[in-house]
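Here's the structure we're looking at; comments come further down.
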Amino acid sequence: MDYLEIEGGRKLKGSVKISGAKNAALPLIASTILAKNRVSMTNIPNVADIRTLLQLLKILGAQFELNNSDLNIDTSGVSSTTAIYDIVRTMRASILVLGPLLSRFGHCEVSLPGGCAIGQRPIDLHLKALEQMGANIEIKNGYVIAKAKNGLRGAHIIFDKITVTGTENVIMAAALAKGKTTIVNAAKEPEVVQLCEVLKSAGVEIEGIGSDEIAVVGSERELLEFKPVDVIPDRIEAGTYLCAGAITNSEITVENVIESHLDAVITKLNQMGFETETKNRSITIKPAAKIYPVEIVTSEYPGFPTDMQAQFLALALKAEGTSIIEERLFENRFMHVSELMRFGAVIHLKGNIATVNGPAKLYGADVMATDLRASSALVLAGLTAKGKTKVHRIYHLDRGYSKLEEKLNALGASIKRLKE
Ligand code: UD1
C-alpha cells in the first residue's frame, strides 16, 4: 500500500492546472448508457473512481478507449444489466448506472451500496422516485432489483432532501421515459447542470436547468445522439489547492477553473484575510497579513460545499482565534478531526459542530486517511507542520485527486509517494 511522506514548512509558488471534475465526469459517463452513438469526452480526470466506473461499464458490455484525459465510449454493446457488488462496494457513485440502465432496458440489478465512512448515505430517495416513475423495486440478496417492463413514465417528484446523485439518476431515467418528469427540490450543483446541458444537446427537452425545479420530457426509449463533451473543471480540487496556498500562506494560482463555481469557497478565504484575484479562468490567492477565524456551515450548492469542510478545518488551525465549523450534510464527516489532533491541533467536537482553536503549533505525525476529502485535509496539515508527516491509506486520495503529489511538488512542496 502507498503512503505519502511530506516534509512540512515549505512555501509554495506558481500555478497549478485543475483537472476535470470527477463528480461531473461520473454521471456523464453513466449517461452514455443512453447514447446510440460513440461518445467522445475530454478533460476526464485521471482518478481511480473514473477507472472504477469505466470498469463497471466494460463488465456491462461497453467498449472504451481512454488516452490521458480523452475518452471514447461506445455502449451499444451493453447486454448485461447487473452492477456487481465487487465494483459498487469500492465506489458508491456506481449507483449512477441505476437510472440509465432501467430506462434503457426496462430492468436492472444494482448492488446496494453499504454505509460509508462519512455516514449512512441511503439511496431511498433514488428508489422512491423511480417507483413513482413506474418501476417495481425489490431488495434481494443485497441487490436493488428494478423492473419497468413497459418502460418508465413521467412523474411529479418532490425530493424530501436535496440529493445530487439522486437528482442525476432521475434526470437520466426521465430522459428515456414516456412523458414529462418534474423534479422539485432538485440539486443545483454545477455537475447536475452539466449533465442536463449534455442531455439537452443530445435532444432531450429539459427546462429549469440550474434551478431547484427541473422538467424533463423523455424520448420514450429512443436512444440519444450525444455531442462531444468537455467535462467542467473540478471546483473541489481547485478549492483544495487554494487551501494549500492559504495554509502555507503562499501566493499560488489555480488555472482552468470556472470562478463562479468557487464563490462560497472564495468568500470564506477572503473572510479569513486572504486576498484573491480572478481573471481568465484562473484564481490567485495571496498571503494574509493575519489569518482570521471563520464560521462555516456546509450546505447544498450554491452554499459552502461539504466536500471542502475538511480542508477548511485544517486551514482554521492557522487562524488567530476560534473557528466554528458545522457539518449539515453528512452525520459522520469529522473523521479527520482525531487525525488532525495527532499534529497537535486543538479541536472540540460536539455532534456536528467542530470548534477549532488557533493558531496551533503543528508537528509532523503519522496519520491515517479515512475518506477522500479527509485525506486532503491531512496533506494540507502536513504541508504546514514542522518536520515529517506520513499520510497512510492514500488510496482514498487517489479516488479523487489526479497526480496530487506531482502537482504540489511542482508548486514547491516536498512530498514522496512510498510503499508501506
Ligand atoms: C454527492 C457527491 C459528494 C458530495 C455530496 C454532497 C458525487 C459522486 N458525490 O454525493 O462528493 O459530498 O453529493 O454534496 O457527486 N440522502 C438520503 N437519501 C437518499 C440520498 C441522499 O437520505 O436517497 C442524504 C444523504 O445521506 C446526505 C444528503 O442526503 O445526508 C445529501 O446526499 P447526496 O447529495 O445524495 O450525496 P451524494 O449524491 O451521494
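Every chain in the C-alpha cells takes a letter, A first, then B, and so on in the order presented; its residues are numbered from 1, and the ligands are numbered from 1 following the presented order.
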Would you mind listing the residues within 6 Å of ligand 1, counting only C-alpha atoms and all ligand atoms, as a PDB file with N, CA and C atoms, in the first residue's frame?
```
ATOM      1  N   ASN A  23     -16.853  14.490 -10.080  1.00  0.00           N
ATOM      2  CA  ASN A  23     -18.292  14.373  -9.825  1.00  0.00           C
ATOM      3  C   ASN A  23     -19.163  14.810 -11.003  1.00  0.00           C
ATOM      4  N   ALA A  93     -20.746   5.822  -6.034  1.00  0.00           N
ATOM      5  CA  ALA A  93     -21.321   6.524  -7.181  1.00  0.00           C
ATOM      6  C   ALA A  93     -21.689   5.568  -8.316  1.00  0.00           C
ATOM      7  N   GLN A 120     -24.359   7.237   6.828  1.00  0.00           N
ATOM      8  CA  GLN A 120     -25.171   6.100   6.401  1.00  0.00           C
ATOM      9  C   GLN A 120     -25.414   6.113   4.883  1.00  0.00           C
ATOM     10  N   ARG A 121     -25.623   7.278   4.353  1.00  0.00           N
ATOM     11  CA  ARG A 121     -25.820   7.504   2.918  1.00  0.00           C
ATOM     12  C   ARG A 121     -26.799   6.534   2.247  1.00  0.00           C
ATOM     13  N   PRO A 122     -28.061   6.589   2.631  1.00  0.00           N
ATOM     14  CA  PRO A 122     -29.048   5.709   1.985  1.00  0.00           C
ATOM     15  C   PRO A 122     -29.348   6.163   0.552  1.00  0.00           C
ATOM     16  N   ILE A 123     -30.018   5.296  -0.216  1.00  0.00           N
ATOM     17  CA  ILE A 123     -30.429   5.690  -1.576  1.00  0.00           C
ATOM     18  C   ILE A 123     -31.953   5.624  -1.706  1.00  0.00           C
ATOM     19  N   ASP A 124     -32.632   5.712  -0.541  1.00  0.00           N
ATOM     20  CA  ASP A 124     -34.093   5.596  -0.543  1.00  0.00           C
ATOM     21  C   ASP A 124     -34.764   6.609  -1.470  1.00  0.00           C
ATOM     22  N   LEU A 125     -34.201   7.814  -1.573  1.00  0.00           N
ATOM     23  CA  LEU A 125     -34.850   8.847  -2.392  1.00  0.00           C
ATOM     24  C   LEU A 125     -34.738   8.519  -3.882  1.00  0.00           C
ATOM     25  N   HIS A 126     -33.603   7.902  -4.269  1.00  0.00           N
ATOM     26  CA  HIS A 126     -33.457   7.459  -5.671  1.00  0.00           C
ATOM     27  C   HIS A 126     -34.575   6.433  -5.965  1.00  0.00           C
ATOM     28  N   LYS A 161     -35.233  15.588   0.529  1.00  0.00           N
ATOM     29  CA  LYS A 161     -33.934  16.187   0.802  1.00  0.00           C
ATOM     30  C   LYS A 161     -33.281  16.427  -0.539  1.00  0.00           C
ATOM     31  N   ILE A 162     -32.391  17.396  -0.586  1.00  0.00           N
ATOM     32  CA  ILE A 162     -31.682  17.621  -1.853  1.00  0.00           C
ATOM     33  C   ILE A 162     -30.607  16.552  -1.993  1.00  0.00           C
ATOM     34  N   THR A 163     -30.653  15.810  -3.079  1.00  0.00           N
ATOM     35  CA  THR A 163     -29.656  14.766  -3.302  1.00  0.00           C
ATOM     36  C   THR A 163     -29.044  14.922  -4.697  1.00  0.00           C
ATOM     37  N   VAL A 164     -27.710  14.958  -4.739  1.00  0.00           N
ATOM     38  CA  VAL A 164     -27.011  15.213  -6.001  1.00  0.00           C
ATOM     39  C   VAL A 164     -27.145  14.003  -6.929  1.00  0.00           C
ATOM     40  N   THR A 165     -26.663  12.835  -6.493  1.00  0.00           N
ATOM     41  CA  THR A 165     -26.733  11.679  -7.388  1.00  0.00           C
ATOM     42  C   THR A 165     -28.188  11.223  -7.569  1.00  0.00           C
ATOM     43  N   GLY A 166     -29.041  11.479  -6.570  1.00  0.00           N
ATOM     44  CA  GLY A 166     -30.467  11.159  -6.710  1.00  0.00           C
ATOM     45  C   GLY A 166     -31.072  11.970  -7.848  1.00  0.00           C
ATOM     46  N   THR A 306     -19.817  20.630   1.423  1.00  0.00           N
ATOM     47  CA  THR A 306     -19.339  19.670   2.430  1.00  0.00           C
ATOM     48  C   THR A 306     -18.004  19.066   1.992  1.00  0.00           C
ATOM     49  N   ASP A 307     -17.782  18.969   0.674  1.00  0.00           N
ATOM     50  CA  ASP A 307     -16.526  18.396   0.169  1.00  0.00           C
ATOM     51  C   ASP A 307     -15.322  19.312   0.416  1.00  0.00           C
ATOM     52  N   LEU A 329     -24.543  18.099   6.157  1.00  0.00           N
ATOM     53  CA  LEU A 329     -24.990  17.121   5.162  1.00  0.00           C
ATOM     54  C   LEU A 329     -24.773  15.670   5.578  1.00  0.00           C
ATOM     55  N   PHE A 330     -23.608  15.403   6.149  1.00  0.00           N
ATOM     56  CA  PHE A 330     -23.293  14.011   6.487  1.00  0.00           C
ATOM     57  C   PHE A 330     -23.049  13.896   7.987  1.00  0.00           C
TER      58      PHE A 330
END
```
### Message
Residues of region 237-275 of chain A classed as strand (DSSP E) by DSSP on the backbone are to be reported as a PyMOL selection string.
### Response
chain A and resi 251-255
### Per-residue DSSP, region 187-387 of chain A, filtered to alpha helix (DSSP H), as a PyMOL selection string
chain A and resi 190-201+235-247+263-271+309-316+335-341+372-384
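Distance-wise, CA of Met341 (chain A) and CA of Asp366 (chain A) end up 11.1 Å apart.
Among the candidates A:Ile44, A:Val144, A:Ile285, A:Ile73, the one nearest to Cys108 (chain A) when counting only C-alpha atoms is A:Val144.
Coordinates place CA of Val254 (chain A) at a distance of 6.0 Å from CA of Lys17 (chain A).
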### Among the residues A:Ala246, A:Ala48, A:Ala187, A:Ala365, the one that comes closest to Ser299 (chain A) [using only C-alpha atoms]
A:Ala187
Excluding Asn68 (chain A) and any residue of its chain fewer than 2 positions from it, enumerate the residues within 10 Å of it, using only C-alpha atoms, and give them as an mmCIF file with C-alpha atoms, in the first residue's frame.
```cif
data_model
loop_
_atom_site.group_PDB
_atom_site.id
_atom_site.type_symbol
_atom_site.label_atom_id
_atom_site.label_comp_id
_atom_site.auth_asym_id
_atom_site.auth_seq_id
_atom_site.Cartn_x
_atom_site.Cartn_y
_atom_site.Cartn_z
ATOM 1 C CA THR A 42 -12.374 15.479 -22.992
ATOM 2 C CA ASN A 43 -10.975 16.716 -19.653
ATOM 3 C CA ILE A 44 -11.630 13.369 -17.940
ATOM 4 C CA PRO A 45 -9.684 13.332 -14.640
ATOM 5 C CA ASN A 46 -7.102 10.614 -14.124
ATOM 6 C CA GLU A 65 -10.527 3.954 -25.066
ATOM 7 C CA LEU A 66 -9.040 6.286 -22.504
ATOM 8 C CA ASP A 70 -9.683 11.849 -23.640
ATOM 9 C CA LEU A 71 -12.362 9.195 -23.524
#
```
Lys290 (chain A) surroundings by only C-alpha atoms, 9 Å radius, close-in-sequence under 2 positions cut, as a PDB file with all heavy atoms, in the first residue's frame:
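As written to disk, around17.pdb reads:
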```pdb
ATOM      1  N   MET A 272     -11.194  35.099   5.829  1.00  0.00           N
ATOM      2  CA  MET A 272     -10.061  34.697   6.674  1.00  0.00           C
ATOM      3  C   MET A 272      -8.841  35.601   6.457  1.00  0.00           C
ATOM      4  O   MET A 272      -7.806  35.418   7.103  1.00  0.00           O
ATOM      5  CB  MET A 272      -9.697  33.229   6.404  1.00  0.00           C
ATOM      6  CG  MET A 272     -10.784  32.276   6.854  1.00  0.00           C
ATOM      7  SD  MET A 272     -10.335  30.544   6.590  1.00  0.00           S
ATOM      8  CE  MET A 272      -9.381  30.198   8.071  1.00  0.00           C
ATOM      9  N   GLY A 273      -8.962  36.542   5.506  1.00  0.00           N
ATOM     10  CA  GLY A 273      -7.873  37.507   5.326  1.00  0.00           C
ATOM     11  C   GLY A 273      -7.047  37.299   4.073  1.00  0.00           C
ATOM     12  O   GLY A 273      -6.081  38.028   3.848  1.00  0.00           O
ATOM     13  N   PHE A 274      -7.412  36.305   3.259  1.00  0.00           N
ATOM     14  CA  PHE A 274      -6.640  36.060   2.031  1.00  0.00           C
ATOM     15  C   PHE A 274      -7.268  36.831   0.874  1.00  0.00           C
ATOM     16  O   PHE A 274      -8.457  36.685   0.611  1.00  0.00           O
ATOM     17  CB  PHE A 274      -6.632  34.561   1.679  1.00  0.00           C
ATOM     18  CG  PHE A 274      -5.985  33.722   2.730  1.00  0.00           C
ATOM     19  CD1 PHE A 274      -6.755  33.059   3.678  1.00  0.00           C
ATOM     20  CD2 PHE A 274      -4.602  33.633   2.802  1.00  0.00           C
ATOM     21  CE1 PHE A 274      -6.161  32.300   4.674  1.00  0.00           C
ATOM     22  CE2 PHE A 274      -4.003  32.868   3.797  1.00  0.00           C
ATOM     23  CZ  PHE A 274      -4.782  32.204   4.736  1.00  0.00           C
ATOM     24  N   PRO A 287      -0.845  35.756   0.143  1.00  0.00           N
ATOM     25  CA  PRO A 287      -0.648  35.543   1.580  1.00  0.00           C
ATOM     26  C   PRO A 287      -1.431  36.565   2.408  1.00  0.00           C
ATOM     27  O   PRO A 287      -1.660  37.683   1.941  1.00  0.00           O
ATOM     28  CB  PRO A 287       0.859  35.752   1.771  1.00  0.00           C
ATOM     29  CG  PRO A 287       1.457  35.705   0.423  1.00  0.00           C
ATOM     30  CD  PRO A 287       0.408  36.054  -0.566  1.00  0.00           C
ATOM     31  N   ALA A 288      -1.823  36.179   3.626  1.00  0.00           N
ATOM     32  CA  ALA A 288      -2.584  37.089   4.502  1.00  0.00           C
ATOM     33  C   ALA A 288      -1.639  37.668   5.549  1.00  0.00           C
ATOM     34  O   ALA A 288      -0.744  36.968   6.045  1.00  0.00           O
ATOM     35  CB  ALA A 288      -3.702  36.310   5.190  1.00  0.00           C
ATOM     36  N   TYR A 292      -7.690  35.232   9.977  1.00  0.00           N
ATOM     37  CA  TYR A 292      -8.819  35.387  10.908  1.00  0.00           C
ATOM     38  C   TYR A 292      -9.583  34.070  11.043  1.00  0.00           C
ATOM     39  O   TYR A 292      -9.662  33.296  10.083  1.00  0.00           O
ATOM     40  CB  TYR A 292      -9.774  36.460  10.388  1.00  0.00           C
ATOM     41  CG  TYR A 292      -9.159  37.832  10.388  1.00  0.00           C
ATOM     42  CD1 TYR A 292      -8.480  38.302   9.259  1.00  0.00           C
ATOM     43  CD2 TYR A 292      -9.226  38.657  11.506  1.00  0.00           C
ATOM     44  CE1 TYR A 292      -7.882  39.550   9.249  1.00  0.00           C
ATOM     45  CE2 TYR A 292      -8.635  39.910  11.509  1.00  0.00           C
ATOM     46  CZ  TYR A 292      -7.965  40.347  10.375  1.00  0.00           C
ATOM     47  OH  TYR A 292      -7.367  41.581  10.379  1.00  0.00           O
ATOM     48  N   ALA A 319      -5.610  29.943  11.959  1.00  0.00           N
ATOM     49  CA  ALA A 319      -6.254  31.235  12.231  1.00  0.00           C
ATOM     50  C   ALA A 319      -5.982  31.689  13.664  1.00  0.00           C
ATOM     51  O   ALA A 319      -5.807  30.855  14.560  1.00  0.00           O
ATOM     52  CB  ALA A 319      -7.758  31.104  11.991  1.00  0.00           C
ATOM     53  N   GLU A 320      -5.970  33.002  13.849  1.00  0.00           N
ATOM     54  CA  GLU A 320      -5.735  33.535  15.194  1.00  0.00           C
ATOM     55  C   GLU A 320      -7.077  33.689  15.889  1.00  0.00           C
ATOM     56  O   GLU A 320      -7.717  34.739  15.813  1.00  0.00           O
ATOM     57  CB  GLU A 320      -5.006  34.875  15.093  1.00  0.00           C
ATOM     58  CG  GLU A 320      -3.593  34.686  14.575  1.00  0.00           C
ATOM     59  CD  GLU A 320      -2.815  35.979  14.489  1.00  0.00           C
ATOM     60  OE1 GLU A 320      -3.035  36.868  15.330  1.00  0.00           O
ATOM     61  OE2 GLU A 320      -1.989  36.085  13.573  1.00  0.00           O
TER      62      GLU A 320
END
```
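Here the question is which of A:Lys200, A:Lys318, A:Arg417, A:His348 gets nearest to Thr384 (chain A) using only C-alpha atoms, and that residue is A:Lys318.
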### Query
What lies within 12 Å of Gln271 (chain A) using only C-alpha atoms, ignoring chain neighbours under 4 positions off, as a PyMOL selection string?
chain A and resi 264-267+275-276+288+290-296+316+319+323
Output for the residues just chosen: N, CA, C and O atoms as a CSV table (one decimal), in the first residue's frame:
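Everything below was put into part-v9.csv:
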```csv
chain,number,residue,atom,x,y,z
A,264,ALA,N,-18.5,30.4,-2.9
A,264,ALA,CA,-18.7,30.2,-1.5
A,264,ALA,C,-17.3,30.0,-0.8
A,264,ALA,O,-17.0,30.5,0.3
A,265,VAL,N,-16.4,29.3,-1.6
A,265,VAL,CA,-15.1,29.0,-1.0
A,265,VAL,C,-14.2,30.2,-1.0
A,265,VAL,O,-13.6,30.6,0.0
A,266,ILE,N,-14.3,31.0,-2.0
A,266,ILE,CA,-13.5,32.3,-2.1
A,266,ILE,C,-14.0,33.3,-1.0
A,266,ILE,O,-13.2,33.9,-0.4
A,267,THR,N,-15.3,33.3,-0.8
A,267,THR,CA,-15.8,34.2,0.2
A,267,THR,C,-15.2,33.9,1.5
A,267,THR,O,-14.8,34.8,2.3
A,275,GLU,N,-6.4,37.6,0.2
A,275,GLU,CA,-7.0,38.3,-1.0
A,275,GLU,C,-6.9,37.3,-2.2
A,275,GLU,O,-6.0,36.5,-2.3
A,276,THR,N,-7.9,37.4,-3.0
A,276,THR,CA,-7.9,36.6,-4.2
A,276,THR,C,-8.1,37.5,-5.4
A,276,THR,O,-8.7,38.5,-5.4
A,288,ALA,N,-1.8,36.2,3.6
A,288,ALA,CA,-2.6,37.1,4.5
A,288,ALA,C,-1.6,37.7,5.5
A,288,ALA,O,-0.7,37.0,6.0
A,290,LYS,N,-2.8,38.7,8.4
A,290,LYS,CA,-3.2,38.0,9.6
A,290,LYS,C,-4.3,37.0,9.2
A,290,LYS,O,-5.2,37.4,8.3
A,291,ILE,N,-4.3,35.8,9.7
A,291,ILE,CA,-5.4,34.8,9.4
A,291,ILE,C,-6.5,34.9,10.4
A,291,ILE,O,-6.2,34.6,11.6
A,292,TYR,N,-7.7,35.2,10.0
A,292,TYR,CA,-8.8,35.4,10.9
A,292,TYR,C,-9.6,34.1,11.0
A,292,TYR,O,-9.7,33.3,10.1
A,293,PRO,N,-10.2,33.8,12.2
A,293,PRO,CA,-11.0,32.6,12.4
A,293,PRO,C,-12.3,32.8,11.5
A,293,PRO,O,-12.6,33.9,11.0
A,294,VAL,N,-13.0,31.7,11.3
A,294,VAL,CA,-14.1,31.6,10.3
A,294,VAL,C,-15.2,30.8,10.9
A,294,VAL,O,-15.0,30.0,11.8
A,295,GLU,N,-16.4,31.1,10.4
A,295,GLU,CA,-17.6,30.3,10.8
A,295,GLU,C,-18.1,29.7,9.5
A,295,GLU,O,-18.3,30.4,8.5
A,296,ILE,N,-18.3,28.4,9.5
A,296,ILE,CA,-18.7,27.7,8.2
A,296,ILE,C,-19.9,26.8,8.6
A,296,ILE,O,-19.8,26.0,9.6
A,316,ALA,N,-8.3,26.3,9.4
A,316,ALA,CA,-8.7,27.0,10.6
A,316,ALA,C,-7.7,26.9,11.7
A,316,ALA,O,-7.6,27.7,12.6
A,319,ALA,N,-5.6,29.9,12.0
A,319,ALA,CA,-6.3,31.2,12.2
A,319,ALA,C,-6.0,31.7,13.7
A,319,ALA,O,-5.8,30.9,14.6
A,323,SER,N,-12.5,29.1,15.4
A,323,SER,CA,-13.4,29.0,14.3
A,323,SER,C,-14.4,27.9,14.6
A,323,SER,O,-14.2,27.0,15.4
```
Env of Val297 (chain A): 8 Å cut, atoms = only C-alpha atoms, seq-sep filter 6 positions within chain, self excluded. Answer as an mmCIF file with all heavy atoms, in the first residue's frame.
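The resulting part_19.cif:
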```cif
data_model
loop_
_atom_site.group_PDB
_atom_site.id
_atom_site.type_symbol
_atom_site.label_atom_id
_atom_site.label_comp_id
_atom_site.auth_asym_id
_atom_site.auth_seq_id
_atom_site.Cartn_x
_atom_site.Cartn_y
_atom_site.Cartn_z
ATOM 1 N N PHE A 304 -21.787 26.575 1.024
ATOM 2 C CA PHE A 304 -20.414 26.074 1.207
ATOM 3 C C PHE A 304 -20.400 24.543 1.103
ATOM 4 O O PHE A 304 -21.110 23.848 1.835
ATOM 5 C CB PHE A 304 -19.873 26.523 2.574
ATOM 6 C CG PHE A 304 -18.428 26.173 2.742
ATOM 7 C CD1 PHE A 304 -17.436 27.054 2.344
ATOM 8 C CD2 PHE A 304 -18.053 24.939 3.253
ATOM 9 C CE1 PHE A 304 -16.097 26.706 2.449
ATOM 10 C CE2 PHE A 304 -16.724 24.583 3.367
ATOM 11 C CZ PHE A 304 -15.744 25.471 2.966
ATOM 12 N N ILE A 325 -17.097 25.225 12.817
ATOM 13 C CA ILE A 325 -17.439 24.563 11.552
ATOM 14 C C ILE A 325 -18.558 23.557 11.791
ATOM 15 O O ILE A 325 -18.420 22.632 12.592
ATOM 16 C CB ILE A 325 -16.185 23.888 10.950
ATOM 17 C CG1 ILE A 325 -15.144 25.002 10.680
ATOM 18 C CG2 ILE A 325 -16.522 23.112 9.687
ATOM 19 C CD1 ILE A 325 -13.869 24.559 10.041
ATOM 20 N N GLU A 326 -19.664 23.787 11.088
ATOM 21 C CA GLU A 326 -20.843 22.925 11.288
ATOM 22 C C GLU A 326 -21.084 22.106 10.025
ATOM 23 O O GLU A 326 -21.174 22.646 8.930
ATOM 24 C CB GLU A 326 -22.045 23.826 11.583
ATOM 25 C CG GLU A 326 -23.293 23.046 11.909
ATOM 26 C CD GLU A 326 -24.447 23.944 12.345
ATOM 27 O OE1 GLU A 326 -24.222 25.118 12.710
ATOM 28 O OE2 GLU A 326 -25.585 23.439 12.301
ATOM 29 N N GLU A 327 -21.206 20.784 10.200
ATOM 30 C CA GLU A 327 -21.456 19.887 9.065
ATOM 31 C C GLU A 327 -22.942 19.536 9.045
ATOM 32 O O GLU A 327 -23.454 18.920 9.970
ATOM 33 C CB GLU A 327 -20.601 18.614 9.211
ATOM 34 C CG GLU A 327 -20.899 17.518 8.201
ATOM 35 C CD GLU A 327 -20.761 17.955 6.753
ATOM 36 O OE1 GLU A 327 -19.727 18.510 6.387
ATOM 37 O OE2 GLU A 327 -21.732 17.741 5.980
ATOM 38 N N ARG A 328 -23.626 19.942 7.973
ATOM 39 C CA ARG A 328 -25.077 19.728 7.922
ATOM 40 C C ARG A 328 -25.495 18.601 6.988
ATOM 41 O O ARG A 328 -26.645 18.207 6.986
ATOM 42 C CB ARG A 328 -25.768 21.011 7.429
ATOM 43 C CG ARG A 328 -25.785 22.140 8.421
ATOM 44 C CD ARG A 328 -27.198 22.380 8.969
ATOM 45 N NE ARG A 328 -27.221 23.469 9.917
ATOM 46 C CZ ARG A 328 -27.638 24.691 9.634
ATOM 47 N NH1 ARG A 328 -28.088 24.969 8.427
ATOM 48 N NH2 ARG A 328 -27.623 25.623 10.541
#
```
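Proximity ranking of A:Lys286, A:Lys149, A:Lys361, A:Lys128 relative to Phe105 (chain A) places A:Lys149 first, based on only C-alpha atoms.
Atom to atom, CA of Leu262 (chain A) and CA of Val16 (chain A) stand 15.9 Å apart.
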### Message
My list of candidates is A:Pro190, A:Gly142, A:Gly344, A:Gly245. Which is closest to Gly210 (chain A) when distances are computed with only C-alpha atoms?
### Response
A:Pro190
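Among the candidate residues A:Val170, A:Leu127, A:Ala117, A:Met91, the one lying nearest to Ser31 (chain A) is A:Val170, with distances computed using only C-alpha atoms.
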Give me, as a Markdown table, each residue of region 162-201 of chain A that comes within 9 Å of region 227-231 of chain A, together with its shortest interatomic pair and the distance in Å at one decimal, counting only C-alpha atoms, with rows ordered by chain and rising residue number.
```
| residue | atom | partner | partner_atom | distance |
| --- | --- | --- | --- | --- |
| A:Gln194 | CA | A:Val231 | CA | 8.0 |
| A:Val198 | CA | A:Val229 | CA | 7.1 |
| A:Ser201 | CA | A:Lys227 | CA | 6.7 |
```
